[in-house]
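As stored in query.cif (mmCIF, C-alpha atoms and all ligand atoms):
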```
data_input
#
loop_
_atom_site.label_atom_id
_atom_site.label_comp_id
_atom_site.auth_asym_id
_atom_site.auth_seq_id
_atom_site.Cartn_x
_atom_site.Cartn_y
_atom_site.Cartn_z
CA MET A 122 4.08 3.25 -38.61
CA THR A 123 4.73 4.35 -35.03
CA GLN A 124 3.38 7.81 -34.24
CA LYS A 125 4.66 8.23 -30.73
CA LYS A 126 7.90 7.13 -29.03
CA LEU A 127 8.37 6.66 -25.29
CA SER A 128 11.23 5.34 -23.21
CA THR A 129 11.47 3.81 -19.76
CA ASP A 130 13.88 1.62 -17.79
CA VAL A 131 11.52 -1.32 -17.24
CA VAL A 132 8.24 -2.28 -18.90
CA ILE A 133 6.02 -4.49 -16.71
CA ILE A 134 3.07 -6.19 -18.39
CA GLY A 135 0.01 -7.03 -16.26
CA ALA A 136 -1.41 -5.01 -13.35
CA GLY A 137 -2.34 -7.64 -10.81
CA ILE A 138 -0.66 -7.80 -7.40
CA ALA A 139 2.67 -9.01 -8.87
CA GLY A 140 3.02 -6.21 -11.43
CA LEU A 141 1.81 -3.50 -9.06
CA TRP A 142 4.11 -4.48 -6.20
CA LEU A 143 7.15 -4.56 -8.47
CA HIS A 144 6.11 -1.30 -10.17
CA ASN A 145 6.01 0.48 -6.81
CA ARG A 146 9.34 -0.94 -5.67
CA LEU A 147 11.18 0.01 -8.86
CA ASN A 148 9.77 3.54 -9.06
CA GLN A 149 10.53 4.09 -5.37
CA MET A 150 14.12 2.97 -5.99
CA GLY A 151 14.54 5.72 -8.59
CA PHE A 152 14.07 3.65 -11.72
CA HIS A 153 11.43 4.59 -14.26
CA ALA A 154 9.00 1.68 -14.68
CA LEU A 155 5.85 1.63 -16.81
CA LEU A 156 3.08 -0.86 -16.02
CA LEU A 157 0.79 -1.88 -18.90
CA GLU A 158 -2.70 -3.36 -18.42
CA ASN A 159 -5.05 -4.53 -21.17
CA LYS A 160 -8.24 -4.85 -19.07
CA THR A 161 -8.73 -3.36 -15.62
CA ILE A 162 -6.36 -3.39 -12.65
CA GLY A 163 -6.80 -6.50 -10.51
CA ASN A 164 -9.56 -7.96 -12.72
CA ALA A 165 -8.16 -11.49 -12.93
CA GLN A 166 -6.79 -13.52 -10.01
CA THR A 167 -5.97 -10.62 -7.70
CA LEU A 168 -9.53 -9.41 -7.05
CA SER A 169 -10.65 -13.06 -6.98
CA ALA A 170 -8.39 -13.72 -3.99
CA GLN A 171 -9.81 -14.17 -0.51
CA GLY A 172 -7.27 -11.68 0.83
CA ILE A 173 -5.60 -14.11 3.21
CA ILE A 174 -1.98 -13.30 3.94
CA HIS A 175 -1.00 -16.90 4.39
CA GLY A 176 1.86 -17.89 6.62
CA GLY A 177 1.56 -21.48 5.44
CA THR A 178 -0.27 -23.05 8.39
CA LYS A 179 -3.01 -24.28 6.03
CA TYR A 180 -0.40 -26.33 4.19
CA ALA A 181 0.77 -27.99 7.38
CA LEU A 182 -2.49 -29.75 8.18
CA ASN A 183 -1.14 -33.06 6.94
CA GLY A 184 1.30 -32.93 9.84
CA ILE A 185 4.29 -31.93 7.69
CA LEU A 186 5.93 -28.54 7.62
CA SER A 187 6.76 -28.59 3.91
CA LYS A 188 8.92 -26.29 1.76
CA ALA A 189 5.73 -24.33 0.98
CA THR A 190 5.18 -23.66 4.67
CA GLN A 191 8.73 -22.44 5.17
CA ALA A 192 8.83 -20.19 2.08
CA ILE A 193 5.62 -18.39 2.89
CA GLY A 194 6.21 -18.28 6.66
CA ALA A 195 7.84 -14.84 6.59
CA MET A 196 5.05 -13.18 4.60
CA PRO A 197 2.56 -12.17 7.36
CA ALA A 198 5.30 -10.20 9.17
CA ARG A 199 6.42 -8.61 5.90
CA TRP A 200 2.87 -7.43 5.12
CA GLN A 201 2.30 -6.36 8.75
CA ALA A 202 5.31 -4.03 8.45
CA CYS A 203 3.77 -2.46 5.31
CA LEU A 204 0.40 -2.11 7.06
CA ALA A 205 2.14 -0.37 9.97
CA GLY A 206 3.94 2.03 7.61
CA ASN A 207 7.43 0.66 8.01
CA GLY A 208 7.72 -1.89 5.22
CA ASP A 209 8.66 -1.81 1.51
CA ILE A 210 5.32 -0.29 0.49
CA ASP A 211 3.03 2.07 2.40
CA LEU A 212 -0.13 0.06 3.09
CA THR A 213 -1.30 2.17 6.03
CA GLN A 214 -4.56 3.01 4.20
CA VAL A 215 -5.47 -0.65 3.60
CA LYS A 216 -8.59 -1.99 5.30
CA ILE A 217 -7.73 -4.97 7.48
CA LEU A 218 -10.76 -7.26 7.39
CA ALA A 219 -9.41 -9.42 10.20
CA ASP A 220 -6.10 -9.47 12.05
CA HIS A 221 -6.35 -13.26 12.41
CA GLN A 222 -8.28 -16.21 11.03
CA LEU A 223 -10.06 -19.04 12.77
CA MET A 224 -9.86 -22.75 12.10
CA TRP A 225 -12.67 -24.90 13.42
CA SER A 226 -13.74 -28.48 13.47
CA LYS A 227 -17.35 -29.28 14.38
CA ASN A 228 -16.15 -32.38 16.23
CA GLN A 229 -13.26 -32.74 18.68
CA LEU A 230 -9.94 -33.21 16.89
CA SER A 231 -8.08 -36.52 16.96
CA SER A 232 -5.40 -36.70 19.67
CA LYS A 233 -2.76 -36.92 16.91
CA MET A 234 -3.93 -33.60 15.44
CA VAL A 235 -4.13 -31.94 18.88
CA SER A 236 -0.54 -32.88 19.65
CA PHE A 237 0.60 -31.74 16.21
CA PHE A 238 -1.09 -28.34 16.68
CA ALA A 239 0.57 -28.08 20.11
CA SER A 240 4.00 -29.03 18.74
CA LYS A 241 6.89 -26.56 18.77
CA ALA A 242 6.60 -26.01 14.99
CA LEU A 243 2.96 -24.97 15.04
CA SER A 244 2.27 -23.61 18.50
CA SER A 245 3.69 -20.16 17.58
CA ARG A 246 1.34 -20.00 14.55
CA MET A 247 -1.94 -21.15 16.06
CA LYS A 248 -3.56 -21.18 19.47
CA SER A 249 -6.64 -22.94 20.78
CA VAL A 250 -9.36 -20.35 21.57
CA PRO A 251 -10.90 -20.75 25.04
CA LYS A 252 -14.73 -20.79 25.13
CA SER A 253 -14.87 -17.37 26.84
CA ALA A 254 -12.93 -15.73 23.97
CA GLN A 255 -14.84 -17.36 21.12
CA PRO A 256 -16.72 -15.10 18.70
CA ALA A 257 -20.54 -15.09 18.86
CA LEU A 258 -20.99 -17.67 16.08
CA PHE A 259 -19.04 -20.24 18.10
CA GLN A 260 -20.53 -19.33 21.53
CA ASP A 261 -23.54 -21.52 20.80
CA PRO A 262 -23.81 -24.37 23.35
CA ASN A 263 -24.38 -26.77 20.46
CA PHE A 264 -20.89 -26.09 19.11
CA LYS A 265 -18.86 -28.85 20.72
CA GLY A 266 -15.84 -28.93 18.43
CA ALA A 267 -12.37 -27.33 18.39
CA LEU A 268 -11.53 -23.72 17.54
CA TYR A 269 -8.05 -22.39 16.81
CA ARG A 270 -6.78 -18.91 16.03
CA LEU A 271 -4.19 -18.35 13.27
CA GLU A 272 -2.08 -15.19 13.36
CA GLU A 273 -2.49 -14.49 9.63
CA PRO A 274 -4.43 -11.37 8.57
CA VAL A 275 -7.13 -11.03 5.93
CA LEU A 276 -7.03 -7.83 3.84
CA ASP A 277 -9.52 -5.99 1.69
CA ILE A 278 -7.77 -6.38 -1.65
CA ALA A 279 -9.56 -3.46 -3.33
CA THR A 280 -7.89 -1.13 -0.80
CA VAL A 281 -4.53 -2.86 -1.30
CA LEU A 282 -4.86 -2.06 -5.01
CA GLN A 283 -5.75 1.57 -4.30
CA SER A 284 -2.62 1.93 -2.15
CA LEU A 285 -0.45 0.42 -4.87
CA VAL A 286 -1.98 2.40 -7.72
CA GLU A 287 -2.07 5.90 -6.20
CA PRO A 288 1.65 6.75 -5.88
CA TRP A 289 2.51 6.01 -9.55
CA GLN A 290 -0.86 6.08 -11.32
CA ASN A 291 0.47 8.15 -14.23
CA ARG A 292 2.87 5.31 -15.00
CA ILE A 293 0.10 2.66 -15.26
CA ILE A 294 -1.08 2.67 -18.86
CA GLN A 295 -4.22 1.16 -20.33
CA ILE A 296 -3.31 -0.64 -23.54
CA ASP A 297 -5.19 -2.52 -26.20
CA THR A 298 -2.66 -4.45 -28.32
CA LEU A 299 1.03 -5.16 -27.92
CA SER A 300 3.78 -6.49 -30.24
CA TRP A 301 7.48 -7.11 -29.76
CA GLN A 302 10.51 -5.66 -31.56
CA GLN A 303 13.48 -8.01 -31.12
CA ILE A 304 17.03 -8.26 -32.41
CA GLU A 305 18.55 -11.71 -31.94
CA ARG A 306 16.07 -12.59 -29.17
CA HIS A 307 16.88 -9.40 -27.28
CA VAL A 308 13.75 -7.26 -26.97
CA GLN A 309 14.43 -3.67 -28.04
CA SER A 310 10.98 -2.20 -27.65
CA ILE A 311 7.28 -2.95 -27.77
CA ILE A 312 4.63 -1.39 -29.94
CA VAL A 313 1.36 -0.80 -28.12
CA ASN A 314 -1.98 -0.02 -29.74
CA GLY A 315 -0.28 -0.29 -33.15
CA ASP A 316 1.43 3.09 -33.05
CA ILE A 317 3.21 3.76 -29.74
CA GLU A 318 6.75 2.47 -29.41
CA ILE A 319 8.13 1.99 -25.89
CA THR A 320 11.84 1.26 -25.57
CA ALA A 321 13.21 -0.19 -22.33
CA GLN A 322 16.23 -2.03 -20.96
CA GLN A 323 14.22 -4.83 -19.36
CA PHE A 324 10.74 -6.35 -19.75
CA VAL A 325 8.85 -8.21 -17.02
CA LEU A 326 5.81 -10.41 -17.65
CA THR A 327 3.42 -10.42 -14.70
CA ALA A 328 0.30 -11.01 -16.77
CA GLY A 329 -0.91 -14.07 -14.81
CA GLU A 330 -2.74 -16.35 -17.24
CA GLY A 331 -1.95 -13.77 -19.97
CA ASN A 332 1.75 -14.73 -19.72
CA GLN A 333 0.98 -17.73 -21.94
CA ALA A 334 0.01 -15.63 -24.98
CA LEU A 335 2.98 -13.30 -24.41
CA LEU A 336 5.35 -16.31 -24.25
CA ASP A 337 3.80 -17.68 -27.46
CA ASP A 338 4.35 -14.33 -29.21
CA LEU A 339 7.98 -14.35 -28.09
CA ALA A 340 8.36 -18.02 -29.12
CA ILE A 341 9.54 -18.85 -25.57
CA LYS A 342 8.67 -22.47 -24.74
CA LYS A 343 10.07 -22.55 -21.21
CA PRO A 344 9.08 -21.72 -18.54
CA ALA A 345 5.73 -23.32 -19.24
CA MET A 346 2.55 -22.33 -17.45
CA GLN A 347 -0.18 -24.34 -15.76
CA ARG A 348 -3.76 -23.37 -15.01
CA ARG A 349 -5.52 -24.73 -11.93
CA PRO A 350 -9.19 -23.79 -12.08
CA LEU A 351 -11.56 -23.06 -9.20
CA GLN A 352 -15.27 -22.38 -9.03
CA MET A 353 -15.74 -20.21 -5.95
CA VAL A 354 -19.12 -19.76 -4.28
CA MET A 355 -20.65 -16.59 -2.84
CA CYS A 356 -23.78 -16.13 -0.75
CA LYS A 357 -25.50 -13.35 1.16
CA ALA A 358 -28.76 -13.01 3.08
CA LYS A 359 -31.73 -12.10 0.86
CA ASN A 360 -32.76 -9.69 3.59
CA PRO A 361 -29.80 -7.46 4.61
CA GLN A 362 -31.46 -7.10 8.06
CA GLN A 363 -30.51 -10.77 8.60
CA ALA A 364 -26.95 -10.34 7.27
CA LEU A 365 -24.55 -13.24 7.75
CA PRO A 366 -21.97 -12.76 10.53
CA ALA A 367 -18.48 -11.68 9.38
CA ILE A 368 -16.19 -14.70 9.70
CA TYR A 369 -12.73 -15.49 8.39
CA ALA A 370 -12.31 -19.15 9.01
CA HIS A 371 -11.27 -22.55 7.71
CA SER A 372 -13.48 -25.55 8.39
CA LEU A 373 -11.48 -28.68 9.16
CA GLY A 374 -12.53 -32.20 8.35
CA SER A 375 -10.42 -35.29 8.76
CA GLY A 376 -8.26 -34.57 5.67
CA SER A 377 -5.24 -32.39 5.13
CA GLN A 378 -7.15 -29.63 3.26
CA PRO A 379 -9.76 -27.35 4.81
CA ILE A 380 -13.23 -28.48 3.64
CA ALA A 381 -14.10 -24.83 3.15
CA THR A 382 -12.50 -21.44 3.72
CA ILE A 383 -14.96 -18.61 4.33
CA THR A 384 -14.07 -14.93 4.14
CA SER A 385 -16.60 -12.11 4.53
CA HIS A 386 -16.88 -8.99 2.40
CA LEU A 387 -19.09 -5.93 2.63
CA ALA A 388 -21.05 -5.24 -0.55
CA GLU A 389 -22.22 -1.76 -1.56
CA ASP A 390 -25.73 -2.57 -0.25
CA ASN A 391 -24.15 -3.01 3.22
CA ASN A 392 -24.85 -6.73 3.14
CA ILE A 393 -22.17 -9.26 4.05
CA VAL A 394 -21.08 -11.70 1.35
CA TRP A 395 -19.54 -15.02 2.34
CA TYR A 396 -16.88 -15.95 -0.23
CA ILE A 397 -16.24 -19.68 -0.02
CA GLY A 398 -13.14 -21.50 -1.25
CA GLY A 399 -11.32 -24.71 -0.31
CA ASN A 400 -12.39 -28.19 -1.45
CA ILE A 401 -15.84 -27.03 -2.53
CA ALA A 402 -14.26 -24.68 -5.08
CA GLU A 403 -11.57 -27.17 -6.18
CA ASN A 404 -14.24 -29.83 -6.78
CA GLY A 405 -16.77 -27.31 -8.10
CA VAL A 406 -15.11 -26.81 -11.48
CA GLY A 407 -17.47 -27.62 -14.36
CA LYS A 408 -20.53 -28.01 -12.11
CA SER A 409 -23.71 -26.12 -12.98
CA PHE A 410 -24.67 -23.11 -10.86
CA GLU A 411 -27.67 -25.03 -9.45
CA LYS A 412 -25.64 -28.12 -8.52
CA LEU A 413 -22.74 -26.25 -6.94
CA THR A 414 -24.85 -23.82 -4.92
CA ALA A 415 -27.08 -26.68 -3.68
CA GLU A 416 -23.91 -28.52 -2.58
CA ALA A 417 -22.60 -25.36 -0.92
CA GLU A 418 -25.82 -24.86 1.04
CA GLU A 419 -25.71 -28.46 2.23
CA LEU A 420 -22.07 -28.00 3.18
CA LEU A 421 -22.85 -24.91 5.28
CA HIS A 422 -25.59 -26.85 7.13
CA ASN A 423 -23.10 -29.63 7.67
CA ILE A 424 -20.12 -27.59 8.96
CA LEU A 425 -22.19 -25.07 10.97
CA PRO A 426 -25.03 -27.38 12.14
CA TRP A 427 -25.96 -25.14 15.11
CA PHE A 428 -26.30 -21.97 13.02
CA LYS A 429 -29.66 -21.13 11.44
CA LEU A 430 -28.88 -19.84 7.97
CA PRO A 431 -31.08 -17.02 6.69
CA GLU A 432 -32.63 -17.32 3.23
CA LEU A 433 -29.69 -16.88 0.88
CA GLU A 434 -28.87 -15.43 -2.54
CA TRP A 435 -26.06 -17.17 -4.44
CA ALA A 436 -23.40 -16.47 -7.06
CA THR A 437 -20.39 -18.42 -8.34
CA HIS A 438 -17.11 -17.34 -9.88
CA THR A 439 -14.88 -19.44 -12.13
CA ILE A 440 -11.22 -18.45 -12.33
CA ASN A 441 -7.91 -20.10 -13.19
CA ARG A 442 -4.88 -19.91 -10.97
CA ALA A 443 -1.91 -19.31 -13.32
CA GLU A 444 1.41 -20.72 -12.18
CA PRO A 445 4.71 -22.15 -13.44
CA LYS A 446 4.15 -25.71 -14.64
CA GLN A 447 4.67 -28.45 -12.01
CA SER A 448 4.56 -32.19 -12.31
CA ALA A 449 1.02 -33.56 -11.89
CA LEU A 450 -0.48 -30.04 -11.68
CA SER A 451 0.63 -29.76 -8.08
CA ARG A 452 0.71 -26.46 -6.21
CA PRO A 453 4.06 -24.64 -6.63
CA ASP A 454 5.84 -23.86 -3.37
CA THR A 455 7.37 -20.45 -3.96
CA ALA A 456 7.22 -17.27 -6.01
CA PHE A 457 8.71 -17.87 -9.45
CA VAL A 458 10.77 -15.83 -11.94
CA GLU A 459 12.87 -17.03 -14.85
CA SER A 460 14.78 -14.83 -17.29
CA LYS A 461 15.22 -15.19 -21.05
CA ASN A 462 17.72 -12.50 -22.01
CA ASN A 463 16.03 -9.22 -21.05
CA VAL A 464 12.56 -10.76 -20.56
CA HIS A 465 11.66 -11.95 -17.05
CA ILE A 466 8.66 -14.25 -16.69
CA ALA A 467 7.03 -14.25 -13.26
CA TRP A 468 4.15 -15.72 -11.25
CA PRO A 469 3.79 -15.06 -7.50
CA THR A 470 1.73 -18.30 -7.07
CA LYS A 471 0.09 -16.64 -4.01
CA LEU A 472 -0.92 -13.05 -3.47
CA ALA A 473 0.87 -13.19 -0.11
CA LEU A 474 4.16 -13.91 -1.93
CA ALA A 475 4.12 -10.68 -4.02
CA PRO A 476 6.81 -9.00 -1.81
CA ASP A 477 9.06 -12.04 -2.16
CA LEU A 478 8.50 -12.15 -5.92
CA ALA A 479 9.44 -8.45 -6.26
CA ASP A 480 12.71 -9.12 -4.37
CA LYS A 481 13.53 -11.97 -6.73
CA ILE A 482 12.78 -9.93 -9.87
CA ILE A 483 14.76 -6.92 -8.63
CA GLU A 484 17.74 -9.19 -8.05
CA LYS A 485 17.46 -10.48 -11.64
CA LEU A 486 17.19 -6.91 -12.99
CA LYS A 487 20.26 -5.82 -11.02
CA ASN A 488 22.16 -8.82 -12.42
CA CYS A 489 21.26 -7.48 -15.88
CA SER A 490 22.97 -4.17 -14.99
CA LEU A 491 19.77 -2.13 -14.93
CA VAL A 492 20.55 1.60 -14.68
CA ALA A 493 18.24 4.50 -13.94
CA GLY A 494 17.88 6.55 -17.12
CA ILE A 495 16.27 9.93 -17.75
CA HIS A 496 12.80 9.67 -19.25
CA LYS A 497 9.97 12.06 -20.00
CA GLU A 498 6.75 11.47 -18.06
CA VAL A 499 4.00 9.87 -20.14
CA THR A 500 1.25 12.22 -21.26
CA GLY A 501 -1.78 11.80 -23.47
CA LEU A 502 -2.29 8.08 -22.80
CA PRO A 503 -5.17 6.67 -20.72
CA THR A 504 -4.26 5.34 -17.27
CA ALA A 505 -5.78 1.99 -16.26
CA THR A 506 -8.59 1.88 -13.69
CA ILE A 507 -9.29 -0.59 -10.86
CA SER A 508 -11.80 -3.39 -11.52
CA PRO A 509 -15.05 -3.57 -9.48
CA THR A 510 -15.11 -6.21 -6.71
CA LEU A 511 -16.91 -9.53 -7.12
CA TRP A 512 -19.31 -8.72 -4.25
CA ASN A 513 -20.60 -5.77 -6.23
CA SER A 514 -20.56 -7.30 -9.70
CA LYS A 515 -21.48 -10.99 -9.41
CA PHE A 516 -24.95 -10.92 -7.81
CA LYS A 517 -27.59 -10.23 -10.47
C1 LIG A 601 -10.17 -17.82 -6.09
C2 LIG A 601 -8.78 -17.48 -5.67
C3 LIG A 601 -8.52 -17.15 -4.34
C4 LIG A 601 -7.22 -16.84 -3.94
N1 LIG A 601 -7.02 -16.47 -2.64
C5 LIG A 601 -5.77 -16.15 -2.25
C6 LIG A 601 -5.56 -15.71 -0.91
O1 LIG A 601 -6.48 -15.58 -0.12
N2 LIG A 601 -4.28 -15.43 -0.55
C7 LIG A 601 -3.22 -15.55 -1.41
O2 LIG A 601 -2.09 -15.30 -1.01
N3 LIG A 601 -3.41 -15.93 -2.70
C8 LIG A 601 -4.66 -16.21 -3.14
N4 LIG A 601 -4.88 -16.57 -4.43
C9 LIG A 601 -3.77 -16.53 -5.39
C10 LIG A 601 -3.56 -15.10 -5.88
O3 LIG A 601 -4.80 -14.51 -6.18
C11 LIG A 601 -2.67 -15.06 -7.11
O4 LIG A 601 -1.48 -15.79 -6.89
C12 LIG A 601 -2.26 -13.63 -7.47
O5 LIG A 601 -3.35 -12.75 -7.42
C13 LIG A 601 -1.66 -13.63 -8.87
O6 LIG A 601 -1.37 -12.29 -9.18
P1 LIG A 601 -0.78 -11.86 -10.57
O7 LIG A 601 -0.50 -10.42 -10.48
O8 LIG A 601 0.32 -12.78 -10.99
O9 LIG A 601 -1.93 -12.19 -11.65
P2 LIG A 601 -3.36 -11.55 -11.97
O10 LIG A 601 -4.02 -11.02 -10.76
O11 LIG A 601 -4.08 -12.60 -12.72
O12 LIG A 601 -3.02 -10.30 -12.88
C14 LIG A 601 -2.58 -10.40 -14.21
C15 LIG A 601 -2.95 -9.10 -14.90
O13 LIG A 601 -2.35 -9.10 -16.21
C16 LIG A 601 -3.28 -8.54 -17.13
N5 LIG A 601 -2.90 -9.01 -18.47
C17 LIG A 601 -3.03 -10.25 -19.00
N6 LIG A 601 -2.55 -10.27 -20.27
C18 LIG A 601 -2.12 -9.02 -20.54
C19 LIG A 601 -1.52 -8.41 -21.69
N7 LIG A 601 -1.28 -9.10 -22.81
N8 LIG A 601 -1.23 -7.09 -21.63
C20 LIG A 601 -1.47 -6.37 -20.51
N9 LIG A 601 -2.01 -6.89 -19.39
C21 LIG A 601 -2.33 -8.21 -19.41
C22 LIG A 601 -4.62 -9.09 -16.65
O14 LIG A 601 -5.71 -8.35 -17.17
C23 LIG A 601 -4.45 -8.93 -15.13
O15 LIG A 601 -4.85 -7.66 -14.68
C24 LIG A 601 -6.16 -16.88 -4.86
C25 LIG A 601 -6.42 -17.20 -6.20
C26 LIG A 601 -7.71 -17.49 -6.60
C27 LIG A 601 -7.97 -17.80 -8.05
#
```
Write-out of the structure in structure tokens:
Amino acid sequence: MTQKKLSTDVVIIGAGIAGLWLHNRLNQMGFHALLLENKTIGNAQTLSAQGIIHGGTKYALNGILSKATQAIGAMPARWQACLAGNGDIDLTQVKILADHQLMWSKNQLSSKMVSFFASKALSSRMKSVPKSAQPALFQDPNFKGALYRLEEPVLDIATVLQSLVEPWQNRIIQIDTLSWQQIERHVQSIIVNGDIEITAQQFVLTAGEGNQALLDDLAIKKPAMQRRPLQMVMCKAKNPQQALPAIYAHSLGSGSQPIATITSHLAEDNNIVWYIGGNIAENGVGKSFEKLTAEAEELLHNILPWFKLPELEWATHTINRAEPKQSALSRPDTAFVESKNNVHIAWPTKLALAPDLADKIIEKLKNCSLVAGIHKEVTGLPTATISPTLWNSKFK
């Protein structure tokens, strides 16, 4: 028996970057949107992200400017506008970890690669960094390779979440269980925690990997979801006095994927954590902690041979990327939303694409004749809290 009844215009399920961005946009536009979270805000993929606001250059290393590169190309400027206070969302309080990234190769690049990087398509995205302007780590005379600068920022995602949560925190509800009330496949309401009924015109699923269970409950077979796992690696100096330098950089080999992507994050003990993704994380899935961290240490010696690593402490983090199903588990190119009556199923596929995803969902909602109703503010229910960061929770 339901004890409490609430109403809203739109229920959004899942408070990662996709749900939060949409929640802000809709509430700003004058709609009433409630965001429901069953764990902590950002706990899944969003706070696992490296914070890179990709413009797609990484996907062009095979010499082809693909659909993925074009779709994501507008995102750095879109986020920059928000960071400057004149975009869709006010991100002026967000900590910018780096306003650009680096891409290095320990050896000189092939002439084919050099001409591709200098081509019209790429030259506006990346520039070779002259020796005099290279950061300290690359000033070493033993570094004889190539260094490029990519105009794509890296953000501190915990502060992005704070900026998204604060304006509408009272409309972000912590829930435990959820069930659907449908009439002829049209969702009328949901029951949360067994006794609270929330009626809404439209329902949006932005639950990342959790979308699968929600789709199963709704007996929706398509769109289907895929999981692409990663085992990320983290390290920091045992002695904070010898902290690692802060770098935001992709290490290039001969292939079309960076061998490793390193971002740097300040832990509460004021020590810098290197968070390492790329091939090492793709190929690290299923490996033991000992094997993967030994491989990662060897990799660091290999890609930064001139740099004397301090004694390091290690951690790893296994996480699935949740995306719309593609053939052969390939990476989807764009943000994705598909509607089944008044349920809209969405995956951004990249954190950087959250603004684009929100646009697409809002268009779908408008096509469903969404109107702004009059609703009482929610009282007496717990609001969800932001998850701790990996740098503060993963090292034992
Ligand atoms: C290791 C890693 C690094 C990455 N780095 C980058 C990067 O640098 N740049 C970039 O652009 N992209 C990056 N990505 C991709 C990016 O993180 C994701 O595309 C994005 O965060 C997905 O956001 P989301 O909101 O869809 O999902 P999530 O962040 O997974 O959020 C889903 C939320 O839904 C909640 N939920 C689940 N089920 C329910 C339910 N039944 N009821 C209520 N709530 C529910 C979960 O608890 C969670 O909070 C990275 C991904 C990974 C895994």
Selected residue, from A:Ala267, A:Val281, A:Lys471, A:Arg292, that lies nearest to Thr213 of chain A when counting all atoms listed in the file: A:Val281
Could the residues of chain A that have an atom at most 6 Å from ligand LIG 601 (chain A) be listed as JSON lines, each with its closest atom pair and the distance in Å to one decimal, counting only C-alpha atoms and all ligand atoms and ordered by chain and ascending residue number?
```
{"residue": "A:Ile134", "atom": "CA", "partner": "A:LIG601", "partner_atom": "C20", "distance": 5.0}
{"residue": "A:Gly135", "atom": "CA", "partner": "A:LIG601", "partner_atom": "O13", "distance": 3.1}
{"residue": "A:Ala136", "atom": "CA", "partner": "A:LIG601", "partner_atom": "O15", "distance": 4.5}
{"residue": "A:Gly137", "atom": "CA", "partner": "A:LIG601", "partner_atom": "O7", "distance": 3.4}
{"residue": "A:Ile138", "atom": "CA", "partner": "A:LIG601", "partner_atom": "O7", "distance": 4.0}
{"residue": "A:Ala139", "atom": "CA", "partner": "A:LIG601", "partner_atom": "O7", "distance": 3.8}
{"residue": "A:Gly140", "atom": "CA", "partner": "A:LIG601", "partner_atom": "O7", "distance": 5.6}
{"residue": "A:Leu157", "atom": "CA", "partner": "A:LIG601", "partner_atom": "C20", "distance": 5.3}
{"residue": "A:Glu158", "atom": "CA", "partner": "A:LIG601", "partner_atom": "N9", "distance": 3.7}
{"residue": "A:Asn159", "atom": "CA", "partner": "A:LIG601", "partner_atom": "C20", "distance": 4.1}
{"residue": "A:Lys160", "atom": "CA", "partner": "A:LIG601", "partner_atom": "O14", "distance": 4.7}
{"residue": "A:Thr161", "atom": "CA", "partner": "A:LIG601", "partner_atom": "O15", "distance": 5.9}
{"residue": "A:Ile162", "atom": "CA", "partner": "A:LIG601", "partner_atom": "O15", "distance": 5.0}
{"residue": "A:Gly163", "atom": "CA", "partner": "A:LIG601", "partner_atom": "O15", "distance": 4.7}
{"residue": "A:Asn164", "atom": "CA", "partner": "A:LIG601", "partner_atom": "O15", "distance": 5.1}
{"residue": "A:Ala165", "atom": "CA", "partner": "A:LIG601", "partner_atom": "O11", "distance": 4.2}
{"residue": "A:Gln166", "atom": "CA", "partner": "A:LIG601", "partner_atom": "O10", "distance": 3.8}
{"residue": "A:Thr167", "atom": "CA", "partner": "A:LIG601", "partner_atom": "O5", "distance": 3.4}
{"residue": "A:Ser169", "atom": "CA", "partner": "A:LIG601", "partner_atom": "C1", "distance": 4.9}
{"residue": "A:Ala170", "atom": "CA", "partner": "A:LIG601", "partner_atom": "C4", "distance": 3.3}
{"residue": "A:Gln171", "atom": "CA", "partner": "A:LIG601", "partner_atom": "O1", "distance": 3.6}
{"residue": "A:Gly172", "atom": "CA", "partner": "A:LIG601", "partner_atom": "O1", "distance": 4.1}
{"residue": "A:Ile173", "atom": "CA", "partner": "A:LIG601", "partner_atom": "O1", "distance": 3.7}
{"residue": "A:Ile174", "atom": "CA", "partner": "A:LIG601", "partner_atom": "O2", "distance": 5.3}
{"residue": "A:His175", "atom": "CA", "partner": "A:LIG601", "partner_atom": "O2", "distance": 5.7}
{"residue": "A:Thr327", "atom": "CA", "partner": "A:LIG601", "partner_atom": "O8", "distance": 5.4}
{"residue": "A:Ala328", "atom": "CA", "partner": "A:LIG601", "partner_atom": "O13", "distance": 3.3}
{"residue": "A:Gly329", "atom": "CA", "partner": "A:LIG601", "partner_atom": "O9", "distance": 3.8}
{"residue": "A:Gly331", "atom": "CA", "partner": "A:LIG601", "partner_atom": "N6", "distance": 3.6}
{"residue": "A:Ile440", "atom": "CA", "partner": "A:LIG601", "partner_atom": "C27", "distance": 5.4}
{"residue": "A:Asn441", "atom": "CA", "partner": "A:LIG601", "partner_atom": "C27", "distance": 5.6}
{"residue": "A:Arg442", "atom": "CA", "partner": "A:LIG601", "partner_atom": "C27", "distance": 4.7}
{"residue": "A:Trp468", "atom": "CA", "partner": "A:LIG601", "partner_atom": "O8", "distance": 4.8}
{"residue": "A:Pro469", "atom": "CA", "partner": "A:LIG601", "partner_atom": "O4", "distance": 5.4}
{"residue": "A:Thr470", "atom": "CA", "partner": "A:LIG601", "partner_atom": "O4", "distance": 4.1}
{"residue": "A:Lys471", "atom": "CA", "partner": "A:LIG601", "partner_atom": "O4", "distance": 3.4}
{"residue": "A:Leu472", "atom": "CA", "partner": "A:LIG601", "partner_atom": "O2", "distance": 3.5}
{"residue": "A:Ala473", "atom": "CA", "partner": "A:LIG601", "partner_atom": "O2", "distance": 3.7}
```
Best match for closeness to Leu491 of chain A among A:Ala321, A:Thr510, A:Leu141, A:Leu276, counting only C-alpha atoms: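 Ranking A:Ala321, A:Thr510, A:Leu141, A:Leu276 by distance to Leu491 of chain A, first place goes to A:Ala321.
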